[in-house]
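Input: a single structure, listed below in structure tokens.
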Amino acid sequence: MGGTFHSPSFPGMYPNHAENIWNIEVDDGYRIVLYFTEFDIEFSYQCEYDMIRVLSDDQEIARHCGNKDSVLVTSDDLTVRSPSNRMRVMFISDYSNEERFIGFKAHYYAEDIDECATENGGCDHYCHNYLSGYYCSCRAEYILHTDQRTCRVECTGHVFNQLEGIIVSPDYPLYYPKSSECDWTIDVEDGYVITLHFDTFDIESHPEVNCPYDFIKVWNGDDYMGPFCGDVPPSDIVSVRNKMKIMFHSDYSGNNVGFKAVYSTIAQPCETLYPPVNGQMRGGNFTFKENIHFTCDTGYYLVGSQTRTCKDDGSWTGVKPQCKVVNCGPPPDVSHGRFEVMGDGFTYTSVVVYYCDEFYELVGPSIRECGPNALWDSENPFCKPICGEASFAPRDRPRGRLLGGHEANEGSWPWVAFLDIDAPLHDIHGGICSGSLINEEWIITAAHCVTNKGTNRNTFGQLIESTSVRVRLGLHRQSEPSEHVMERRVSEIIRHSSYNPVTFDNDIALLHVSEPVQFSEYVRPVCLPPTDLITTSEFGMEFEDEIPRPPPDEMAIILGWGLTSNGGSRADSLLEAYVPIVEQEICRDVYAPNGWDITASMLCAGYEEGGRDACRGDSGGPLLFEDPNTLQYFVYGLVSWGRPGECASPDSYGVYARVSGHLYWIKDETAIHR
């Protein structure tokens, strides 16, 4: 299977008149590869003097001379492959050498022949090479013929039960296999008639004899039709019953693409159906076993059969469908509001328009439409109280003070609440405080208004009973209460957990009235400070985020029925006054000598020279600002404390609890305790 040989006298100079022959033969299925590791033979044009000749089956396949510097010799030139398993190598030298040439050293080995590389080895489908031989194989569903080259197919027993289909010859649209037998049976339900149509037809024929090689036959009832061959398809074939069989035969030769046949069926018709009103129908062949599908337009739902099938007796399964409009049903009621329906009840595309009662405004969409999924689009709106607005205009900016200040216009501050407190241990301003209505159920006031006073250490700082507080809303003149006044009892008092009854830090509380308040022109809520203005406290203390402090000298409104002079009597009518905001550090400096601390939960307002201030009986009342954009009033502070007995005195500013610093607490508590 391999070896080596060399020229005479190698590596010495080879002799003249030499003629040496090496006959190499390896096993069948191999060829011989010859190459040279040393080569130095006298060079001549076409190697006519000294040479190496390589022959195979008496045919010269190579001739070499020269050496590494010769143009006729390259590494590729020095490798020779025989086409068969035999090779003859001849070395010839003439009568003289002008130089010393050492000849050659040659090597050879057996190399497997890849029979599959040429014309697929004669195989129809697959050719497999192995050492010293090869074999053929076929694709799935094919069988190797006895000639071990041809692949034939036995495609029998195919049954088609569908009402329509396609039948093709094996390997269509490629050439059909040789020496094959195929058959296809179409077997549909009773009541159907089969029509067979050939789209493509190319079967080997003979010019003189009728289909002697390859052909198709069709079994129809008790008769055979055919044989058929050639390139002209037979006419459509209609079955006499519900069965038909196609048989195909091919011999050992020929290259034709075969056929493509399409079959269809017709059956017993049913009555014509129509789509329902506001719906559609899919399928229009009203024959046996045909299905008709019904759907409804957007916004409608189907009542009846979604699918109906034609039966063999000409009737339909199921019941006649109808499309009915979807109904979203009435939307949820809107508290303190109503809605009107535009359209046919609460059905698809109907629209509801929302309105709020007087003193309320709509939050959310004002219009909702009934959608195709029987749901109202968008979220349900709600009506929230319109805060910080009055039905009656206030006076022009008042110049007086609550100590003898100007009387307010009746109804101009409809959120101010008069708190009548009847608690045995509650020594606060003769049982009078104020508060502010923030919604239908809640009033905000100062925490010290609902806290026991006095020297009894066991009761000092305790929360008073809620039943001891009576609330009057819409009150203007105490001595002549009008028909607009609304009274409520308090069902619950929520005092800030961090309230300090000594320092009045976090002096804020919430009152839950026993029955929701009905708004009127004289009873309306005030706004809380807007949350979108909240920033972090600038004092770096543990205190809720707050809106920026108003700049010094910004004018705020204070209201109440408190004392009109130090040691004097309370006001009979609601009084109003404007006071400027005082810078926090200035206020701290004023109260620091007395050991009183102005914390981050407090702010100050008033005049350095005095003259305007809240006083005893005004506690818990609002300190108001007007939003310049919306013109709505919001409660920024609550009347909290001041220098005892020195209301409106010089260097005696009023101190207020900062509402803006407790917004999260207010909203959480009122939501939890509703």
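Identifiers in the structure tokens: chain A, B, ... in order shown; residue index from 1 per chain; ligand index from 1 in order shown.
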
Contacts of Tyr126 of chain A within 7 Å, only C-alpha atoms, excl. fewer than 2 positions in-chain, as an NGL selection string:
:A and (123-124 or 128 or 136-138)

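Residue neighbourhood of Ser350 of chain A, excluding near-sequence residues (fewer than 6 positions): Met342, Gly343, Glu369 and Cys370 of chain A, at 6 Å, using only C-alpha atoms.
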
Based on the selection just made, write C-alpha atoms of those residues as a short mmCIF file (atom, residue, chain, number, x, y, z; two decimals), in the first residue's frame.
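So the final result, stored in out.cif, reads:
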data_model
loop_
_atom_site.label_atom_id
_atom_site.label_comp_id
_atom_site.auth_asym_id
_atom_site.auth_seq_id
_atom_site.Cartn_x
_atom_site.Cartn_y
_atom_site.Cartn_z
CA MET A 342 -77.32 60.84 25.76
CA GLY A 343 -78.42 57.91 23.60
CA GLU A 369 -68.99 56.59 26.58
CA CYS A 370 -70.24 53.00 26.65
#

For segment 152-162 of chain A: contacts at 12 Å, only C-alpha atoms, fewer than 2 positions along chain excluded, given as a tab-separated table (two decimals) with C-alpha atoms, in the first residue's frame:
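Saved result, selection_8.tsv, follows:
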chain	number	residue	atom	x	y	z
A	123	CYS	CA	-26.82	6.40	-7.73
A	124	ASP	CA	-30.35	7.86	-7.98
A	125	HIS	CA	-30.34	9.46	-4.52
A	137	SER	CA	-29.07	4.35	-0.75
A	138	CYS	CA	-32.47	6.03	-1.09
A	139	ARG	CA	-34.48	8.72	0.64
A	140	ALA	CA	-37.21	7.87	3.14
A	141	GLU	CA	-40.15	5.97	1.64
A	142	TYR	CA	-38.00	4.80	-1.31
A	143	ILE	CA	-36.62	1.32	-1.89
A	144	LEU	CA	-33.32	0.39	-3.60
A	145	HIS	CA	-33.90	-1.53	-6.79
A	146	THR	CA	-32.15	-4.84	-7.49
A	147	ASP	CA	-29.65	-3.01	-9.71
A	148	GLN	CA	-28.37	-1.37	-6.49
A	149	ARG	CA	-28.50	2.02	-8.21
A	150	THR	CA	-32.13	2.89	-8.91
A	164	GLU	CA	-61.05	18.80	-1.26
A	165	GLY	CA	-57.36	18.16	-1.71
A	166	ILE	CA	-54.31	17.91	-3.93
A	167	ILE	CA	-52.65	14.70	-5.17
A	168	VAL	CA	-49.22	14.75	-6.83
A	169	SER	CA	-46.90	12.13	-8.21
A	170	PRO	CA	-43.86	11.25	-6.05
A	171	ASP	CA	-41.18	13.98	-6.01
A	175	TYR	CA	-38.90	13.75	-12.06
A	176	TYR	CA	-40.94	10.92	-10.63
A	177	PRO	CA	-39.02	7.78	-9.55
A	178	LYS	CA	-38.59	4.76	-11.78
A	179	SER	CA	-39.99	1.26	-11.30
A	180	SER	CA	-42.69	2.46	-8.90
A	181	GLU	CA	-46.32	1.64	-8.14
A	182	CYS	CA	-48.62	4.17	-6.42
A	183	ASP	CA	-52.30	4.51	-5.64
A	184	TRP	CA	-54.47	7.16	-3.93
A	185	THR	CA	-58.04	6.61	-2.74
A	186	ILE	CA	-60.50	9.49	-2.29
A	187	ASP	CA	-63.20	8.40	0.15
A	188	VAL	CA	-65.62	11.12	1.33
A	189	GLU	CA	-68.94	10.96	3.12
A	190	ASP	CA	-72.11	9.79	1.50
A	192	TYR	CA	-70.79	13.92	-2.04
A	194	ILE	CA	-66.00	13.95	-6.52
A	242	ASN	CA	-68.39	9.02	-3.09
A	243	LYS	CA	-65.18	7.08	-3.88
A	244	MET	CA	-62.47	7.28	-6.52
A	245	LYS	CA	-59.05	5.62	-6.87
A	246	ILE	CA	-56.01	6.78	-8.87
A	247	MET	CA	-53.28	4.28	-9.80
A	248	PHE	CA	-49.83	5.24	-11.17
A	249	HIS	CA	-47.14	3.01	-12.71
A	250	SER	CA	-43.59	3.83	-13.90
A	251	ASP	CA	-40.99	1.56	-15.53
A	252	TYR	CA	-37.20	1.57	-15.22
A	253	SER	CA	-36.47	4.51	-17.55
A	262	VAL	CA	-56.91	18.70	-7.61
A	263	TYR	CA	-60.15	17.15	-6.43
A	264	SER	CA	-63.25	18.90	-5.13
A	265	THR	CA	-66.73	17.83	-4.02
A	289	LYS	CA	-71.19	19.87	5.85

Please extract the residues of segment 486-672 of chain A with a backbone DSSP assignment of strand (DSSP E) and present them as a ChimeraX atom specification.
/A:486-495,509-513,555-560,575-582,602-605,622-626,633-641,654-658

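Atom CA of Pro414 of chain A lies 25.6 Å from atom CA of Cys647 of chain A.
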
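Each of A:Val238, A:Asp40, A:Asn129, A:His64 was compared to Asn97 of chain A using only C-alpha atoms, and A:Asp40 turns out to be the nearest.
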
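When only C-alpha atoms are used to measure the gap to Ser315 of chain A, the shortest distance among A:Tyr49, A:Phe504, A:Phe201, A:Phe288 belongs to A:Phe288.
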
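Reported to one decimal place, the separation of atom CA of Glu515 of chain A from atom CA of Val416 of chain A is 17.5 Å.
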
If you run DSSP over the backbone, which residues in segment 409-632 of chain A end up alpha helix (DSSP H)? Put them as a list in words.
Gln584, Glu585, Ile586, Cys587, Arg588, Asp589, Val590 and Tyr591 of chain A

Take the residues from that selection and write them out as an mmCIF file, in the first residue's frame, keeping C-alpha atoms.
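Below is the file that was written, part-v8.cif:
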data_model
loop_
_atom_site.group_PDB
_atom_site.id
_atom_site.type_symbol
_atom_site.label_atom_id
_atom_site.label_comp_id
_atom_site.auth_asym_id
_atom_site.auth_seq_id
_atom_site.Cartn_x
_atom_site.Cartn_y
_atom_site.Cartn_z
ATOM 1 C CA GLN A 584 -38.859 83.652 61.657
ATOM 2 C CA GLU A 585 -35.553 84.841 63.146
ATOM 3 C CA ILE A 586 -37.034 88.195 64.177
ATOM 4 C CA CYS A 587 -39.885 86.420 65.929
ATOM 5 C CA ARG A 588 -37.448 84.085 67.680
ATOM 6 C CA ASP A 589 -35.410 87.035 68.930
ATOM 7 C CA VAL A 590 -38.544 88.639 70.393
ATOM 8 C CA TYR A 591 -39.627 85.563 72.363
#
